[in-house]
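Before any comments, here is the structure.
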Amino acid sequence: MSKTVLIADDEPNIVISLEFLLEQAGYQVMVAHDGQEALESIERQPPDLVLLDVMLPRLSGFDVCQKIRENPAWQHMRIVMLTAKGREVEISKGLALGANAYITKPFSTQELLAQIGAQLAVD
Amino acid sequence: MPLAGLILLTSCAYLGILFAIAYWGDKRADAGRSIIANPYIYALSMAVYATSWTFYGSVGRAAVSGVGFLPIYLGPTLMAALFWLVLRKMIRISKANRITSIADFIAARYGKSALLGGLVTLIAVVGVIPYIALQLKAVSSSFLILWQYPTIQMPNSGQALGPLQDTALYVALLLATFTILFGTRHLDATERHEGMVAAIAFESLVKLLAFLAVGLYVTFGLYHGFADVFEQAARLPDVDQLLTLGGPAGTYGSWVSLIFLSMLSILFLPRQFQISVVENVNENHVAKAIWLFPLYLLAINIFVLPITFAGLMHFPAGTVDADTFVLTLPMALRQESLALLVFVGGLSAATGMVIVETIALSTMICNDLAMPLLLRWKALGLAQRADLSGLLLGIRRGAILLLMLLGYVYYRAAGEAYALVSIGLVSFAAVAQFAPAMLGGMYWKQGTRAGALSGLSLGFLLWLYTLLLPAFAKSGWLPLSFIEQGPLAIAWLKPLALFGLAGLDEIGHSLFWSLLANLGAYVGVSLFGRQSSREHAQALLFVDAFKVAGRGSSLWRGSASVTEVIALVGRFLGPARAREAFAGYAAQRGLASAAELVPDADLVHFAEQQLAGAIGAASARVMLASVVQEEPLGMDEVLGILDEASQVLAYSRRLEQQSHELEVATGELRAANARLQELDRLKDDFISTVTHELRTPLTSIRAFSEILNDNPELDPAQRARFVGIIVKESERLTRMINQVLDLAKLESGRAEWHTSALDLKEVIEDAQATTSQLLQEQGVALCLELPAQIPPVLADRDRLLQVLLNLIANAVKFCDREAGRIGIAVQVLPEALQVDVRDNGCGIDPADQQTIFEKFRQAGDNLTEKPQGTGLGLPISRQIIEHFGGRLWVNSARGQGATFSFTLPLGQANAAASDAGRETEYGV
Amino acid sequence: MANRTLRAQRLVALFMLGCLLFSYPLLALFDSGGEVFGIPLLFAYLFVAWALLIVAMILVVECSSR
């Protein structure tokens with residue numbers, strides 16, 4: 001069975017590219033355009049991995065990350081943070097909140113797929 | 001024999017001095033105080049062109065062909081005039097693409113082809129080995145001759161002795177050791193060897209002085225000037241032949257072919273490429289070399305004929321080899337120290353050539369031959385090894401030793417068959433084969449990898465057949481019938497008269513056939529083949545080198561103020577460090593203080609480097625644009641490329657580079673964390689926000705470029721859609737950059753204003769017309785409520801229009817989705833005009849009403865839907881209105897739309913308008 | 001910028017002049033075996049032309065640089 005990935009990003013074009021890449025790689029893809037929507041989507045159908053932008057409207061990526069980790073049922077969900085800011089502080093903050101990995105924009109498509117593949121292989 | 005000891009001691013002392021210079025040069029380079037960053041050193045080091053072939057061989061050739069020795073120096077002189085165009089372009093391309101050898105250059109141009117790199121390396125090695133052999137021969141025979149002082153005796157040929165008694169072997173080993181010590185002490189990513197260059201420049205001085213010393217002594221000491229030498233020489237038999245062309249010694253045909261050949265050699269000999277391109281510190285140094293290098297050649301040749309004639313007159317015909325006159329004349333005249341100086345000059349000519357040539361070749365062998373093979377050899381697991389520097393150094397040292405020994409073997413086997421000059425010409429003809437692929441690669445976009453491969457191979461094979469094999473035959477390795485009757489007695493295959501072509505000399509004949517085939521195959525195969533997208537991208541980078549990267553320093557010219565630049569750098573490095581840096585820079589240029597600095601391209605470049613060290617190259621550029629008068633960033637060009645969908649890939653390559661720069665920028669931002677925190681305290685995270693905002697469109701562009709790149713089989717509709725997104729996001733990027741620059745310009749007070757009395761009504765109607773398309777697309781209605789009479793205001797029309805367009809675009813974005821309505825109203829207040837732009841959207845929270853005027857803050861950061869836009873429109877508009885003396889603000893409540901209002905003061909505008917009215921019947 | 005392109009064009013012109021000076025028809029003019037001030041004509045011509053070419057290069061390069 002193919003793994004499911006939730007893309008949470010508010011840039012429509014970036015979402016289109018991610019969707020294309022992940023579907024091409026054989027994942028089942030869901031999309032959320034803001035933090036709130038992401039949480040709702042996770043509640044409806046928990047994905048195997050969340051690709052989470054930090055600068056999300058309504059609820060930031062950090063908040064979403066924290067909310068996911070607060071729920072014991074979602075401990076095994078992999079979280080890959082995706083953001084344009086590559087500052088040390090933000091990386092540490094994301095990782096401290098329970099993210100599994102971090103990718104900075106602009107990303108290399110190969111690296112992105114490799115990272116996601118690696119994260120999903122851990123299980 | 002005390003003299004033998006003296007010779008050895010002098011040689012060793014001389015090599016010691018060279019090494020000391022090189023060591024010192026490297027030390028200074030490490031300390032950042034380069035001694036070679038100077039056009040004179042650059043031009044002198046180029047004189048590595050003059051080897052022992054020049055030093056001893058010119059006289060030898062002159063003894064046979066008179067002025068026939070000159071074309072080899074006239075060619076480079078002519079080419080020097082083209083240095084500014086050709087060499088500078090080679091340097092520019094090499095610096096931009098981090099090219100470290102001629103093999104690298106050709107391989108990179110044709111799609112980074114490892115095969116091509118290997119082929120070029122092979123040609124260079126096979127072609128240049130005879131040339132190295134020549135240097136060994138020169139050093140060892142000059143040593144043996146001087147050894148016999150005061151007797152003058154031509155040395156026995158090396159073959160008579162066993163290798164262990166052969167001086168040439170020891171010379172080869174000594175030079176190999178020396179070169180290894182010189183050139184491979186450590187690895188340098190740029191393959192630059194500052195110490196070596198300094199030593200080479202010194203050697204150039206030594207050999208010139210030595211030759212001039214002999215020349216002056218012979219011409220003015222032994223004889224009474226040039227005229228006297230020539231007058232006495234007139235008594236020699238056959239002297240007329242030496243002083244005219246067209247005789248058996250030199251025809252016009254061979255004269256021209258030699259000029260042409262040496263023109264190519266000065267660019268494409270591996271050592272010349274190493275010195276003039278790879279080791280170049282600053283491409284502006286080329287300018288001085290244009291005349292200084294030919295001047296050097298002139299100086300080292302002026303006494304060649306006098307020395308030749310003096311030698312011919314002094315020694316009975318046939319007793320002394322003319323190749324040794326430079327040394328044997330002072331010896332015969334008992335000028336011990338002069339003879340020793342000559343020996344050192346010859347030594348320096350030979351060592352200089354050997355050092356640079358073997359370093360250049362070893363880099364090629366290592367990077368273009370050995371490493372590609374080793375890395376592909378999976379069993380070694382090299383690709384996984386973290387530190388390869390030891391291995392790389394080992395390969396290079398091995399290559400140097402191997403080259404030297406090959407040179408020695410060639411010398412033993414073939415060295416006696418030819419005079420010095422002929423050996424060198426064989427090498428020249430080999431490297432001339434690079435010309436079509438190199439020059440075509442720099443000026444012709446259609447040249448393909450297949451074309452270059454077939455051209456080079458054919459040219460090389462013909463060179464082999466028409467020059468090298470005959471040389472072997474003459475040395476006895478092949479039967480002489482091979483030359484005389486052709487292989488298998490097929491007459492039209494005779495290597496020296498291929499297809500029956502006679503009447504040219506060997507070199508001209510070989511050059512004609514090999515270059516004809518080379519060029520023909522290169523052009524033909526290129527025209528009938530296709531480039532891969534990778535080749536195409538590289539072709540653009542090479543051919544448009546000046547257009548792509550050339551906007552660098554030359555365009556920044558003359559529009560900056562030194563204090564502003566220093567202040568800007570101070571913001572990031574701290575004022576004290578900035579002052580220190582610029583004072584150092586000023587001192588480096590020989591100025592007393594930073595106050596004397598001239599705001600030129602170099603200064604801006606220096607500032608950019610300083611900034612780039614702290615905040616990364618990309619951000620540095622944006623920041624400098626705010627103090628240096630705005631320059632277009634080249635986005636228009638980039639977009640022009642995008643218009644042709646086929647070139648999308650070229651673009652993605654450039655983007656990769658761009659995003660890599662940004663990555664580096666971020667890395668350095670991390671390193672400069674402390675400084676950045678200071679910035680944060682000042683609430684000025686403008687830079688990091690700019691980076692962040694630029695990254696968003698860049699992310700889409702890069703992702704889709706890579707998708708297009710990796711999925712050539714995408715269906716056309718999807719392909720078109722993705723290309724469309726790339727174009728849109730690029731436009732967004734352009735807009736953002738333009739606005740950032742615009743804002744910086746407004747903030748620094750450098751914007752130009754064309755203030756005049758304006759009819760506001762007309763400007764508003766203009767804005768309405770401009771946005772009508774947008775309004776129609778979005779289904780938004782715009783209604784104007786303008787009073788019949790509006791007094792004129794004093795403002796810049798374009799800027800005011802910009803504000804209105806911004807506000808309308810903003811209103812459109814936030815309008816009600818179904819029934820958008822925008823109203824623009826003008827009220828005439830006692831002292832000002834007030835313009836209201838009203839929308840019926842969702843309104844703006846009171847909390848957001850101030851922040852939306854800050855840079856990069858958009859209402860909607862916390863809303864469901866993020867608006868499209870740069871987040872700079874409102875700050876720019878506010879800057880403009882405030883410049884006019886007005887105010888820009890917003891009134892809104894959640895759910896009830898928003899009204900942006902601005903005022904323009906009437907004040908003096910009325911007076912101005914009444915003036916204007918009188919003259920132009922202004923419609924008030 | 002304009003200065004730089006002008007310099008490049010002047011240098012190309014010098015290149016062409018040089019090609020002319022050092023090749024067949026002109027060279028043949030001086031290939032007669034005569035003398036000037038006791039110096040063979042061809043030798044003198046080659047070096048004088050060479051020197052003049054260099055002087056012209058100096059003028060072009062150094063005068064357009066500032």
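To be explicit about the labels: the chains of the structure tokens are called A, B, and onward in the order shown, and within each one the residues are counted from 1, while ligands get numbers from 1 in the order they are shown.
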Given a cut-off of 9 Å, which residues of chain C touch chain B, counting only C-alpha atoms, written out as a PDB file with C-alpha atoms, in the first residue's frame?
```pdb
ATOM      1  CA  MET C   1      32.211  51.072 -21.548  1.00  0.00           C
ATOM      2  CA  ARG C   7      39.948  50.087 -27.402  1.00  0.00           C
ATOM      3  CA  ALA C   8      39.024  46.605 -28.554  1.00  0.00           C
ATOM      4  CA  ARG C  10      41.554  49.767 -32.231  1.00  0.00           C
ATOM      5  CA  LEU C  11      43.438  46.661 -31.170  1.00  0.00           C
ATOM      6  CA  VAL C  12      41.723  44.594 -33.850  1.00  0.00           C
ATOM      7  CA  ALA C  13      42.735  47.233 -36.375  1.00  0.00           C
ATOM      8  CA  LEU C  14      46.340  46.962 -35.151  1.00  0.00           C
ATOM      9  CA  PHE C  15      46.145  43.203 -35.500  1.00  0.00           C
ATOM     10  CA  MET C  16      45.093  43.550 -39.112  1.00  0.00           C
ATOM     11  CA  GLY C  18      50.334  43.761 -38.257  1.00  0.00           C
ATOM     12  CA  CYS C  19      49.130  40.900 -40.450  1.00  0.00           C
ATOM     13  CA  PHE C  22      54.402  40.897 -41.831  1.00  0.00           C
ATOM     14  CA  SER C  23      53.082  39.091 -44.860  1.00  0.00           C
ATOM     15  CA  TYR C  24      53.636  38.658 -48.514  1.00  0.00           C
ATOM     16  CA  LEU C  27      57.423  41.958 -47.066  1.00  0.00           C
ATOM     17  CA  ALA C  28      58.518  41.397 -50.646  1.00  0.00           C
ATOM     18  CA  PHE C  30      61.802  45.049 -48.449  1.00  0.00           C
ATOM     19  CA  ASP C  31      63.168  41.690 -49.483  1.00  0.00           C
ATOM     20  CA  SER C  32      65.603  43.153 -51.959  1.00  0.00           C
ATOM     21  CA  GLY C  33      68.838  42.700 -50.052  1.00  0.00           C
ATOM     22  CA  PHE C  37      72.799  52.738 -42.401  1.00  0.00           C
ATOM     23  CA  GLY C  38      74.741  49.541 -42.926  1.00  0.00           C
ATOM     24  CA  ILE C  39      71.947  47.337 -41.637  1.00  0.00           C
ATOM     25  CA  PRO C  40      70.306  44.844 -43.972  1.00  0.00           C
ATOM     26  CA  LEU C  41      66.997  46.200 -45.229  1.00  0.00           C
ATOM     27  CA  LEU C  42      64.757  43.255 -44.379  1.00  0.00           C
ATOM     28  CA  PHE C  43      66.177  42.953 -40.860  1.00  0.00           C
ATOM     29  CA  LEU C  46      61.071  43.797 -39.566  1.00  0.00           C
ATOM     30  CA  PHE C  47      62.353  45.232 -36.325  1.00  0.00           C
ATOM     31  CA  TRP C  50      57.635  45.415 -34.967  1.00  0.00           C
ATOM     32  CA  ALA C  51      58.694  48.279 -32.699  1.00  0.00           C
ATOM     33  CA  LEU C  53      53.421  48.118 -33.790  1.00  0.00           C
ATOM     34  CA  ILE C  54      54.314  47.859 -30.114  1.00  0.00           C
ATOM     35  CA  VAL C  55      54.377  51.636 -29.749  1.00  0.00           C
ATOM     36  CA  ALA C  56      50.930  51.796 -31.321  1.00  0.00           C
ATOM     37  CA  MET C  57      49.729  49.153 -28.871  1.00  0.00           C
ATOM     38  CA  ILE C  58      51.119  51.153 -25.963  1.00  0.00           C
ATOM     39  CA  VAL C  61      46.153  50.557 -24.295  1.00  0.00           C
ATOM     40  CA  GLU C  62      47.560  53.241 -22.047  1.00  0.00           C
ATOM     41  CA  SER C  65      42.662  53.217 -19.831  1.00  0.00           C
TER      42      SER C  65
END
```
Original post:
What residues in chain A get the DSSP label alpha helix (DSSP H)? Please answer as an MDAnalysis selection string.
Top reply: chainID A and resid 12:24 35:44 61:70 88:96 109:122
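Taking atom CA of Val60 of chain C as the reference point, atom CA of Leu87 of chain B is found at 17.1 Å.
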**OP:** Return the neighbours of chain B among the residues of chain A, cut-off 12 Å, counting only C-alpha atoms, as a PyMOL selection string.
**Re:** chain A and resi 9-22+24+32-37+53-60+82-91+103-113
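From atom CA of Gln446 of chain B back to atom CA of Thr5 of chain C, the distance works out to 25.3 Å.
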**OP:** Could you give me the residues within chain C that DSSP places in strand (DSSP E or B), as a PyMOL selection string?
**Re:** chain C and resi 35-36+39-40
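Taking atom CA of Leu804 of chain B and atom CA of Leu829 of chain B as endpoints, the distance between them is 19.2 Å.
Considering only C-alpha atoms, the residue among B:Ser337, B:Tyr170, B:Thr177, B:Met90 positioned nearest to Ala399 of chain B is B:Thr177.
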